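**Q** Dropping in model.cif, with mmCIF, C-alpha atoms.
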data_entry
#
loop_
_atom_site.label_atom_id
_atom_site.label_comp_id
_atom_site.auth_asym_id
_atom_site.auth_seq_id
_atom_site.Cartn_x
_atom_site.Cartn_y
_atom_site.Cartn_z
CA MET I 115 -8.49 -2.36 51.11
CA ARG I 116 -6.24 -0.42 48.84
CA PRO I 117 -2.60 -0.83 49.57
CA ARG I 118 -0.83 2.19 50.83
CA SER I 119 1.73 3.62 48.48
CA LEU I 120 5.31 3.55 49.66
CA GLY I 121 6.79 6.82 50.75
CA ALA I 122 9.95 8.31 49.34
CA GLY I 123 11.91 7.28 52.41
CA ALA I 124 10.81 3.69 52.12
CA LEU I 125 11.76 3.62 48.45
CA LEU I 126 15.19 4.95 49.33
CA VAL I 127 15.68 2.18 51.88
CA LEU I 128 14.45 -0.39 49.39
CA ALA I 129 16.88 0.80 46.73
CA SER I 130 19.71 0.79 49.22
CA VAL I 131 18.96 -2.72 50.40
CA ALA I 132 18.56 -4.01 46.86
CA GLY I 133 21.92 -2.49 46.03
CA SER I 134 23.54 -4.28 48.92
CA LEU I 135 22.31 -7.60 47.56
CA VAL I 136 24.31 -7.21 44.35
CA PRO I 137 27.69 -8.89 44.62
CA PRO I 138 30.66 -6.52 44.63
CA SER I 139 31.95 -7.96 41.38
CA ALA I 140 28.71 -7.14 39.65
CA ARG I 141 28.86 -3.61 40.99
CA ALA I 142 32.30 -2.88 39.59
CA GLU I 143 32.31 -0.11 37.04
CA GLY I 144 31.60 -2.05 33.86
CA PRO I 145 34.26 -1.04 31.33
CA ALA I 146 36.98 -0.56 33.97
CA ALA I 147 36.51 -3.97 35.56
CA ALA I 148 39.14 -6.43 34.38
CA PRO I 149 37.74 -9.61 32.90
CA ALA I 150 38.61 -12.81 34.68
CA GLY I 151 41.85 -14.41 33.62
CA LYS I 152 42.42 -18.08 33.04
CA ALA I 153 44.78 -20.99 33.58
CA TYR I 154 46.58 -21.97 30.39
CA GLY I 155 46.79 -25.55 29.22
CA PRO I 156 49.63 -27.06 27.18
CA ASP I 157 47.66 -26.69 23.97
CA GLU I 158 47.06 -22.99 24.52
CA ILE I 159 50.66 -21.78 24.78
CA ALA I 160 51.13 -21.49 21.03
CA ALA I 161 48.10 -19.24 20.69
CA LEU I 162 49.26 -17.21 23.67
CA VAL I 163 52.64 -16.58 22.04
CA GLU I 164 51.06 -15.66 18.74
CA GLY I 165 48.64 -13.38 20.51
CA LEU I 166 51.60 -11.54 22.00
CA GLY I 167 52.88 -10.95 18.49
CA TYR I 168 55.75 -13.42 18.42
CA GLU I 169 56.49 -16.22 16.03
CA GLY I 170 56.92 -19.24 18.23
CA ARG I 171 58.21 -22.70 17.57
CA PRO I 172 57.60 -25.86 19.59
CA LEU I 173 60.25 -26.90 22.08
CA ASP I 174 61.34 -30.48 22.66
CA ARG I 175 60.27 -30.29 26.29
CA GLY I 176 56.94 -28.66 25.50
CA GLY I 177 56.03 -25.02 25.38
CA ARG I 178 57.13 -22.50 22.78
CA GLY I 179 60.34 -20.66 22.05
CA PHE I 180 60.62 -17.31 20.35
CA LEU I 181 62.99 -14.40 19.92
CA VAL I 182 62.51 -10.95 21.39
CA ALA I 183 64.51 -8.20 19.71
CA ARG I 184 64.68 -4.63 20.90
CA SER I 185 67.17 -1.90 20.18
CA GLY I 186 69.60 -4.24 18.50
CA TYR I 187 69.54 -6.69 21.40
CA THR I 188 67.96 -10.07 20.96
CA ILE I 189 67.15 -12.73 23.52
CA GLU I 190 65.46 -16.08 23.31
CA ILE I 191 62.38 -16.68 25.44
CA ASN I 192 61.04 -20.14 26.21
CA LEU I 193 57.53 -20.29 27.60
CA VAL I 194 57.07 -23.60 29.40
CA LEU I 195 54.38 -24.94 31.72
CA SER I 196 55.57 -26.65 34.86
CA THR I 197 55.13 -30.40 35.09
CA ASP I 198 52.02 -30.05 37.22
CA GLY I 199 50.70 -27.16 35.17
CA SER I 200 50.57 -24.79 38.13
CA LYS I 201 53.30 -22.44 36.85
CA LEU I 202 53.98 -20.79 33.55
CA ASN I 203 57.74 -20.33 33.46
CA VAL I 204 59.36 -17.73 31.25
CA PHE I 205 62.94 -18.81 30.59
CA ALA I 206 65.63 -16.71 28.96
CA PRO I 207 68.52 -19.11 28.22
CA LEU I 208 71.60 -17.00 27.66
CA ARG I 209 74.87 -18.87 27.29
CA ALA I 210 76.35 -22.31 27.41
CA TRP I 211 79.03 -22.35 30.06
CA LYS I 212 81.34 -24.87 28.45
CA ASP I 213 84.12 -24.53 31.01
CA LEU I 214 82.73 -24.40 34.51
CA ALA I 215 86.19 -24.09 36.00
CA ALA I 216 86.57 -20.77 34.19
CA VAL I 217 83.47 -19.26 35.77
CA PRO I 218 84.63 -16.68 38.31
CA GLU I 219 83.36 -17.11 41.83
CA GLU I 220 82.26 -13.49 41.75
CA ALA I 221 80.03 -14.23 38.76
CA LEU I 222 78.28 -17.01 40.68
CA LEU I 223 77.85 -14.84 43.75
CA GLY I 224 76.81 -11.93 41.57
CA LEU I 225 74.05 -13.96 39.94
CA LEU I 226 72.71 -14.97 43.34
CA ARG I 227 72.81 -11.34 44.47
CA ALA I 228 71.12 -10.21 41.26
CA THR I 229 68.38 -12.71 42.02
CA ALA I 230 67.69 -10.83 45.24
CA GLU I 231 67.91 -7.46 43.52
CA TYR I 232 65.76 -8.24 40.50
CA GLY I 233 63.50 -10.90 41.99
CA PRO I 234 61.25 -12.59 41.14
CA THR I 235 63.64 -12.79 38.21
CA ARG I 236 66.07 -15.51 39.19
CA ALA I 237 69.36 -16.59 37.73
CA TYR I 238 69.86 -20.27 37.04
CA VAL I 239 72.42 -22.70 35.74
CA LEU I 240 70.68 -25.63 34.14
CA PRO I 241 72.51 -28.89 33.48
CA THR I 242 71.58 -30.32 30.11
CA GLU I 243 71.53 -33.81 28.75
CA GLN I 244 74.44 -32.86 26.55
CA GLY I 245 76.50 -32.12 29.65
CA VAL I 246 77.00 -28.44 28.95
CA PRO I 247 75.12 -26.30 31.45
CA TRP I 248 73.31 -23.18 30.38
CA VAL I 249 73.08 -19.99 32.36
CA GLY I 250 69.94 -17.93 32.10
CA LEU I 251 67.25 -15.94 33.83
CA VAL I 252 63.72 -17.11 34.52
CA ARG I 253 60.50 -15.79 35.99
CA SER I 254 57.50 -17.86 37.06
CA LEU I 255 53.84 -16.95 36.79
CA ASP I 256 51.28 -18.77 38.85
CA ASN I 257 49.01 -20.30 36.25
CA ARG I 258 45.70 -18.94 37.49
CA ASP I 259 43.66 -15.89 36.63
CA LEU I 260 46.25 -15.12 33.98
CA HIS I 261 46.03 -12.53 31.25
CA PRO I 262 48.34 -12.20 28.25
CA SER I 263 49.39 -8.84 29.70
CA ASN I 264 50.82 -10.70 32.71
CA VAL I 265 53.05 -12.70 30.39
CA ARG I 266 54.10 -9.65 28.42
CA GLU I 267 55.11 -7.95 31.66
CA GLN I 268 57.35 -10.89 32.54
CA ILE I 269 59.04 -10.70 29.16
CA ASP I 270 59.62 -6.97 29.60
CA PHE I 271 61.26 -7.42 32.98
CA LEU I 272 63.32 -10.37 31.81
CA PHE I 273 64.61 -8.41 28.85
CA GLU I 274 65.69 -5.54 31.05
CA HIS I 275 67.29 -7.80 33.64
CA VAL I 276 69.18 -9.78 31.00
CA ARG I 277 70.79 -6.55 29.86
CA ARG I 278 71.58 -5.38 33.36
CA THR I 279 73.25 -8.63 34.35
CA GLU I 280 75.29 -9.30 31.24
CA ASP I 281 78.60 -8.74 33.02
CA LEU I 282 77.73 -11.72 35.18
CA TRP I 283 76.54 -14.31 32.65
CA ASN I 284 78.47 -13.45 29.51
CA PRO I 285 81.98 -14.98 29.61
CA GLU I 286 83.12 -12.39 27.10
CA ARG I 287 82.54 -9.71 29.71
CA TRP I 288 84.54 -11.37 32.44
CA ALA I 289 87.89 -9.94 33.39
CA GLY I 290 90.62 -11.48 31.30
CA ALA I 291 88.25 -12.45 28.51
CA ALA I 292 89.62 -12.18 25.00
CA HIS I 293 86.88 -9.80 23.88
CA PRO I 294 85.53 -8.06 26.94
CA GLU I 295 83.70 -5.48 24.85
CA ALA I 296 82.02 -7.96 22.57
CA PRO I 297 78.27 -7.33 22.28
CA ALA I 298 75.80 -9.94 23.33
CA ALA I 299 74.87 -12.44 20.70
CA THR I 300 71.77 -14.53 20.70
CA PRO I 301 72.47 -18.22 21.10
CA ALA I 302 70.93 -20.45 18.50
CA MET I 303 67.78 -22.10 19.70
CA ASP I 304 68.03 -25.83 19.84
CA GLY I 305 65.18 -26.59 22.15
CA SER I 306 67.40 -28.43 24.56
CA ARG I 307 67.58 -25.89 27.28
CA MET R 92 -0.65 -5.41 51.72
CA VAL R 93 1.19 -7.50 49.20
CA VAL R 94 3.59 -4.67 48.51
CA ARG R 95 4.25 -4.26 52.23
CA ARG R 96 5.01 -7.96 52.56
CA VAL R 97 7.36 -7.83 49.60
CA PHE R 98 9.02 -4.79 51.10
CA ALA R 99 9.41 -6.51 54.44
CA TRP R 100 10.89 -9.60 52.77
CA VAL R 101 13.35 -7.59 50.75
CA LEU R 102 14.31 -5.55 53.78
CA ALA R 103 14.89 -8.70 55.85
CA ALA R 104 16.92 -10.33 53.11
CA GLY R 105 18.96 -7.20 52.68
CA VAL R 106 19.69 -6.91 56.36
CA ALA R 107 20.64 -10.58 56.47
CA ALA R 108 23.00 -10.11 53.56
CA VAL R 109 24.62 -7.08 55.13
CA VAL R 110 24.94 -8.79 58.49
CA GLY R 111 26.35 -11.87 56.81
CA ARG R 112 28.97 -9.85 55.04
CA ALA R 113 29.86 -8.02 58.22
CA ALA R 114 30.27 -11.38 59.94
CA VAL R 115 32.77 -12.44 57.30
CA VAL R 116 34.67 -9.25 57.71
CA ALA R 117 34.68 -9.57 61.44
CA ALA R 118 35.51 -13.27 61.64
CA ASP R 119 38.39 -13.99 63.96
CA GLY R 120 38.78 -10.30 64.47
CA GLN R 121 40.41 -9.88 61.09
CA PRO R 122 39.06 -9.21 57.64
CA ALA R 123 38.84 -12.27 55.45
CA PRO R 124 39.87 -12.32 51.82
CA VAL R 125 37.30 -13.10 49.19
CA ALA R 126 38.02 -16.56 47.81
CA GLY R 127 40.14 -16.48 44.69
CA SER R 128 41.17 -12.88 45.03
CA THR R 129 44.08 -10.72 46.08
CA VAL R 130 45.12 -10.22 49.67
CA THR R 131 46.25 -7.25 51.68
CA PHE R 132 48.47 -7.44 54.72
CA GLU R 133 45.28 -7.17 56.77
CA THR R 134 43.62 -10.14 55.05
CA LEU R 135 46.78 -12.27 54.75
CA PRO R 136 46.43 -13.81 58.24
CA ALA R 137 42.93 -15.06 57.40
CA LEU R 138 44.22 -16.66 54.22
CA LEU R 139 47.02 -18.36 56.11
CA LYS R 140 44.69 -19.62 58.82
CA ALA R 141 42.28 -20.93 56.21
CA ALA R 142 45.25 -22.78 54.73
CA GLY R 143 45.86 -24.45 58.08
CA LEU R 144 48.84 -22.32 58.99
CA GLU R 145 49.43 -20.46 62.21
CA PRO R 146 50.86 -17.05 61.43
CA ARG R 147 52.37 -14.90 64.12
CA ASP R 148 54.10 -11.60 64.33
CA GLY R 149 57.18 -11.48 62.15
CA GLY R 150 59.14 -9.10 64.33
CA ALA R 151 59.04 -6.28 61.82
CA PRO R 152 56.32 -4.10 60.35
CA GLY R 153 54.48 -5.71 57.48
CA ARG R 154 55.86 -9.17 58.16
CA LEU R 155 54.34 -12.40 59.46
CA ARG R 156 56.09 -15.57 60.48
CA ILE R 157 55.11 -19.20 60.12
CA ASP R 158 56.91 -22.17 61.63
CA ARG R 159 57.27 -25.68 60.36
CA GLY R 160 58.37 -28.66 62.40
CA GLY R 161 59.63 -28.54 65.93
CA GLY R 162 61.74 -30.26 68.48
CA GLY R 163 64.78 -28.23 67.55
CA GLY R 164 64.71 -29.29 63.92
CA GLY R 165 62.13 -26.86 62.71
CA PHE R 166 62.27 -24.05 60.21
CA TYR R 167 60.46 -20.82 59.78
CA ALA R 168 59.61 -18.46 56.99
CA PHE R 169 58.48 -14.89 56.76
CA LEU R 170 55.60 -13.65 54.68
CA ALA R 171 55.23 -10.14 53.39
CA LEU R 172 53.62 -8.31 50.53
CA SER R 173 55.82 -6.70 47.92
CA PRO R 174 55.76 -2.90 47.95
CA ASN R 175 53.33 -2.85 45.03
CA SER R 176 51.30 -5.76 46.50
CA GLN R 177 51.83 -7.77 43.34
CA TYR R 178 53.42 -10.65 45.21
CA VAL R 179 53.24 -12.42 48.52
CA TRP R 180 56.87 -13.17 49.32
CA ILE R 181 57.79 -16.24 51.30
CA SER R 182 61.34 -15.96 52.54
CA SER R 183 63.66 -17.77 54.86
CA PRO R 184 67.15 -16.55 55.74
CA LEU R 185 69.25 -19.68 55.85
CA ALA R 186 72.93 -19.04 56.51
CA ASP R 187 75.74 -16.56 56.13
CA LEU R 188 78.46 -17.25 53.60
CA PRO R 189 81.77 -18.23 55.16
CA LYS R 190 84.43 -15.53 55.08
CA GLU R 191 87.00 -17.84 53.59
CA ARG R 192 87.56 -17.83 49.85
CA PRO R 193 87.31 -19.57 47.51
CA LEU R 194 83.92 -21.01 48.35
CA PRO R 195 82.97 -24.55 47.36
CA ARG R 196 81.81 -23.96 43.82
CA ALA R 197 79.70 -27.11 43.72
CA ARG R 198 77.44 -25.66 46.39
CA LEU R 199 77.01 -22.38 44.49
CA PHE R 200 76.23 -24.27 41.30
CA GLU R 201 73.72 -26.42 43.14
CA MET R 202 71.84 -23.39 44.37
CA LEU R 203 71.78 -21.90 40.87
CA ALA R 204 70.63 -25.25 39.50
CA ALA R 205 67.80 -25.32 42.03
CA ASN R 206 66.72 -21.94 40.67
CA ALA R 207 65.89 -23.63 37.36
CA GLU R 208 63.27 -25.85 38.97
CA ASP R 209 59.77 -25.06 37.89
CA ASP R 210 58.30 -24.60 41.37
CA GLY R 211 59.46 -20.98 41.58
CA VAL R 212 61.31 -21.51 44.86
CA HIS R 213 64.79 -20.06 44.56
CA PHE R 214 68.01 -19.11 46.27
CA ALA R 215 69.35 -15.59 46.46
CA LEU R 216 72.04 -13.72 48.31
CA VAL R 217 71.02 -10.70 50.33
CA GLY R 218 74.38 -9.26 51.22
CA ASP R 219 76.24 -12.37 52.34
CA THR R 220 73.18 -14.19 53.64
CA ILE R 221 71.69 -17.08 51.70
CA HIS R 222 67.92 -16.79 51.43
CA LEU R 223 65.31 -19.14 50.09
CA LEU R 224 62.55 -17.17 48.39
CA ARG R 225 59.28 -17.62 46.59
CA ALA R 226 57.13 -14.89 45.09
CA VAL R 227 53.53 -16.04 44.96
CA ASP R 228 51.42 -14.01 42.57
CA ASN R 229 48.88 -12.01 44.54
CA ARG R 230 46.15 -12.90 42.11
CA GLY R 231 43.38 -15.46 42.31
CA LEU R 232 44.64 -16.69 45.67
CA VAL R 233 42.83 -19.50 47.44
CA PRO R 234 43.86 -21.00 50.79
CA ALA R 235 44.45 -24.56 49.59
CA ALA R 236 46.74 -23.48 46.76
CA PHE R 237 48.64 -21.13 49.03
CA GLY R 238 49.07 -23.92 51.57
CA ARG R 239 50.61 -26.09 48.86
CA GLU R 240 53.03 -23.28 48.00
CA VAL R 241 54.14 -23.15 51.61
CA ASP R 242 54.52 -26.94 51.71
CA THR R 243 56.61 -26.85 48.55
CA PHE R 244 58.75 -24.06 49.97
CA PHE R 245 59.60 -25.99 53.12
CA GLY R 246 60.09 -29.16 51.09
CA VAL R 247 62.72 -27.45 48.96
CA LEU R 248 64.33 -26.00 52.07
CA VAL R 249 64.79 -29.47 53.54
CA LYS R 250 65.71 -31.19 50.27
CA THR R 251 68.46 -28.72 49.44
CA ASN R 252 70.02 -28.70 52.89
CA ARG R 253 73.39 -29.87 51.64
CA SER R 254 73.56 -26.97 49.18
CA TRP R 255 72.85 -24.07 51.54
CA ASN R 256 73.93 -25.43 54.90
CA VAL R 257 77.38 -23.93 55.21
CA SER R 258 78.16 -26.06 58.26
CA ARG R 259 78.11 -29.04 55.91
CA TRP R 260 80.27 -27.36 53.28
CA GLY R 261 83.57 -28.15 54.99
CA GLY R 262 86.58 -29.67 53.35
CA ALA R 263 88.57 -28.43 50.44
CA PRO R 264 86.87 -26.34 47.79
CA VAL R 265 85.87 -28.25 44.72
CA PRO R 266 87.64 -26.81 41.69
CA GLY R 267 85.72 -26.93 38.48
CA ALA R 268 82.68 -28.13 40.35
CA ALA R 269 80.63 -30.82 38.77
CA MET R 270 77.00 -30.11 39.58
CA GLY R 271 75.29 -32.70 41.69
CA ASP R 272 78.59 -34.43 42.20
CA ALA R 273 77.77 -36.54 45.21
CA PRO R 274 74.71 -37.87 46.98
CA PRO R 275 73.60 -36.01 50.07
CA ALA R 276 75.40 -37.11 53.19
CA GLY R 277 73.37 -37.92 56.26
CA PRO R 278 69.74 -37.26 56.96
CA GLU R 279 68.03 -34.51 55.04
CA THR R 280 66.43 -33.09 58.12
CA PRO R 281 69.08 -30.82 59.55
CA PRO R 282 70.18 -31.02 63.15
CA GLU R 283 69.60 -28.30 65.69
CA ALA R 284 72.77 -26.51 64.74
CA THR R 285 71.52 -25.85 61.24
CA LYS R 286 68.40 -23.98 62.18
CA PRO R 287 68.31 -20.69 60.35
CA PRO R 288 69.64 -17.88 62.49
CA GLU R 289 67.33 -15.15 63.64
CA PRO R 290 67.85 -12.43 61.09
CA ALA R 291 68.86 -8.99 62.18
CA ALA R 292 67.50 -7.40 59.04
CA PRO R 293 64.17 -7.78 57.27
CA ALA R 294 64.13 -11.07 55.43
CA VAL R 295 62.50 -9.75 52.33
CA PRO R 296 65.25 -8.21 50.25
CA ALA R 297 65.09 -4.62 49.19
CA MET R 298 63.18 -4.96 45.99
CA THR R 299 63.28 -2.51 43.20
CA GLU R 300 60.78 -3.27 40.53
CA GLY R 301 58.40 -5.73 39.02
CA ARG R 302 57.34 -6.86 42.40
#
How would this structure read if it were set down as structure tokens?
**A**
Amino acid sequence: MRPRSLGAGALLVLASVAGSLVPPSARAEGPAAAPAGKAYGPDEIAALVEGLGYEGRPLDRGGRGFLVARSGYTIEINLVLSTDGSKLNVFAPLRAWKDLAAVPEEALLGLLRATAEYGPTRAYVLPTEQGVPWVGLVRSLDNRDLHPSNVREQIDFLFEHVRRTEDLWNPERWAGAAHPEAPAATPAMDGSR
Amino acid sequence: MVVRRVFAWVLAAGVAAVVGRAAVVAADGQPAPVAGSTVTFETLPALLKAAGLEPRDGGAPGRLRIDRGGGGGGFYAFLALSPNSQYVWISSPLADLPKERPLPRARLFEMLAANAEDDGVHFALVGDTIHLLRAVDNRGLVPAAFGREVDTFFGVLVKTNRSWNVSRWGGAPVPGAAMGDAPPAGPETPPEATKPPEPAAPAVPAMTEGR
């Protein structure tokens, strides 16, 4: 017996069913679908920094440090994996606060309020082994499904937020400072922050 | 005949696949997130339940609440998506700043020092209310990892009690403020009186950008 040929309606149903068997990810419009990201290991941070177009240098505590300069304003960025590797932290160390007693209460409160306003950018004061704490801003990326563009975005936001919060972290901008109009200067990188 | 059998098999498999997918969507009455993906506010409860959490209504649109602990010593946190859905915010309003000035500087420095920790959990001031916050990237989310984030969040909340618990601030302000100047006094689990107050305003701060 010769098999009956399938009608047009049956073919339509067959095509529809076959289409439903294809996973959604495979059905995404090819060129527009973002490739899967990755989790970065300690040995991959240097290449990540270079891929972003920066000249990095190794930090004492791991990760890479590099300078970001835009419109005459330069900040240091330290890209450091968390101890357990689950976060990629983007630190912007800004100033050593050598005299904590001179830090106005309003600056401390202002940094905590700026953390709410600009979050997930957060202000920090990090004690160092040398005993002089550093003030800075930091953002954390969850180290999964990451793309270099995610890191670049963090740097962009950090840069902007560093500028917007300078009155809070720069002692030269505090009331009564000797040079309240002094422009921001980039601290020398020493890898200790 | 062979073609008809193949057609029947494909049709059955297709129906099974469609039904299976519908079952996932309909599980527990709420859509489930695809493993390792992003979540929406609609799929967030399924993620939380898969992580072993028990979300409930957060008392405001777009907000869920989870509780940790009990017996009067528990804490809670809110969960909400950022306006651009880039983050799942975990937030807990902790305490209002005292009106008196100056404030104990050591406590302010401690909160800012905690913000340098690499777990991403951080303190912020929304108005005069101290909040503990964590922005979890809404990317590649899986229940187990999200559950660990919640555990870490509550762990920091308990561990830093001396820093944010204004009822323990008392005494004269500390001028100059050495950071980490004294060991924590008393148990780290706060008493009933230090439970976070019920917030009058949404716990997720008004966010402007990058979120």
**Q** Go through chain I residue by residue and, counting all atoms listed in the file, keep those with an atom at most 6 Å from chain R; for each kept residue give the shortest atom pair and its distance in Å to one decimal, ordered by chain and increasing number, as a tab-separated table.
**A**
residue	atom	partner	partner_atom	distance
I:Pro117	CA	R:Met92	CA	5.4
I:Val131	CA	R:Gly105	CA	5.0
I:Ser196	CA	R:Asp209	CA	5.4
I:Leu214	CA	R:Gly267	CA	5.6
I:Ala215	CA	R:Gly267	CA	3.8
I:Leu226	CA	R:Ala215	CA	4.6
I:Arg227	CA	R:Leu216	CA	4.6
I:Thr229	CA	R:Ala215	CA	5.4
I:Ala230	CA	R:Ala215	CA	5.2
I:Glu231	CA	R:Met298	CA	5.9
I:Tyr238	CA	R:Leu203	CA	4.6
I:Val239	CA	R:Ala204	CA	4.9
I:Leu240	CA	R:Ala204	CA	5.4
I:Ser254	CA	R:Gly211	CA	5.8
I:Asp259	CA	R:Gly231	CA	5.7
**Q** Neighbours of I:Ala289 within 12 Å (only C-alpha atoms; same-chain residues fewer than 5 positions away dropped), as a list in words?
**A**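 Listing them by chain and then by number gives Ala216, Val217, Pro218, Glu219, Glu220, Ala221, Asp281, Leu282, Asn284, Pro294 and Glu295 of chain I.
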**Q** Would you mind telling me which residue in R:Leu248, R:Val130, R:Trp260, R:Leu188 lies nearest to I:Leu223 when using only C-alpha atoms?
**A**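 Distance minimum relative to I:Leu223 lands on R:Leu188.
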**Q** For atom CA of R:Val233 and atom CA of R:Ala137, determine how far apart the two atoms are, in Å to one decimal place.
**A**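 Atom CA of R:Val233 sits 10.9 Å away from atom CA of R:Ala137.
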**Q** Taking the file as shown, what set of residues would the PyMOL selection byres ((chain I and resi 249) around 7) give back, as a ChimeraX atom specification?
**A** /I:207-211,238-240,247-248,250,283
**Q** Using only C-alpha atoms, can you tell me which of R:Ile157, R:Ser182, R:Val249, R:Gly165 comes closest to R:Leu144?
**A**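 Checking each candidate against R:Leu144, we get R:Ile157 as the closest.
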**Q** Between R:Phe245, R:Ala151, R:Glu191, R:Pro234, which has the minimum distance to R:Leu135 (counting all atoms listed in the file)?
**A**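 Between R:Phe245, R:Ala151, R:Glu191, R:Pro234, the residue approaching R:Leu135 most closely is R:Pro234.
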**Q** Could you tell me how far atom CA of I:Phe273 lies from atom CA of I:Gly167, in Å and to one decimal?
**A**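 Result for atom CA of I:Phe273 versus atom CA of I:Gly167: 15.9 Å, one decimal.
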**Q** Counting all atoms listed in the file, which of I:Phe205, I:Ala161, I:Lys212, I:Ser200 gets nearest to I:Val276?
**A**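 Nearest to I:Val276: I:Phe205.
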**Q** Neighbours of I:Lys152 within 10 Å (only C-alpha atoms; same-chain residues fewer than 5 positions away dropped), as a PyMOL selection string?
**A** (chain I and resi 257-262) or (chain R and resi 231)
**Q** For I:Leu181, work out the shell of residues within 7 Å, counting all atoms listed in the file and skipping chain neighbours fewer than 5 positions away, then give it as an NGL selection string.
**A** :I and (188-191)
**Q** Could you please determine the separation between atom CA of R:Arg259 and atom CA of R:Ala197 in Å, to one decimal place?
**A**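 Computing the Euclidean distance for atom CA of R:Arg259 and atom CA of R:Ala197 yields 12.4 Å.
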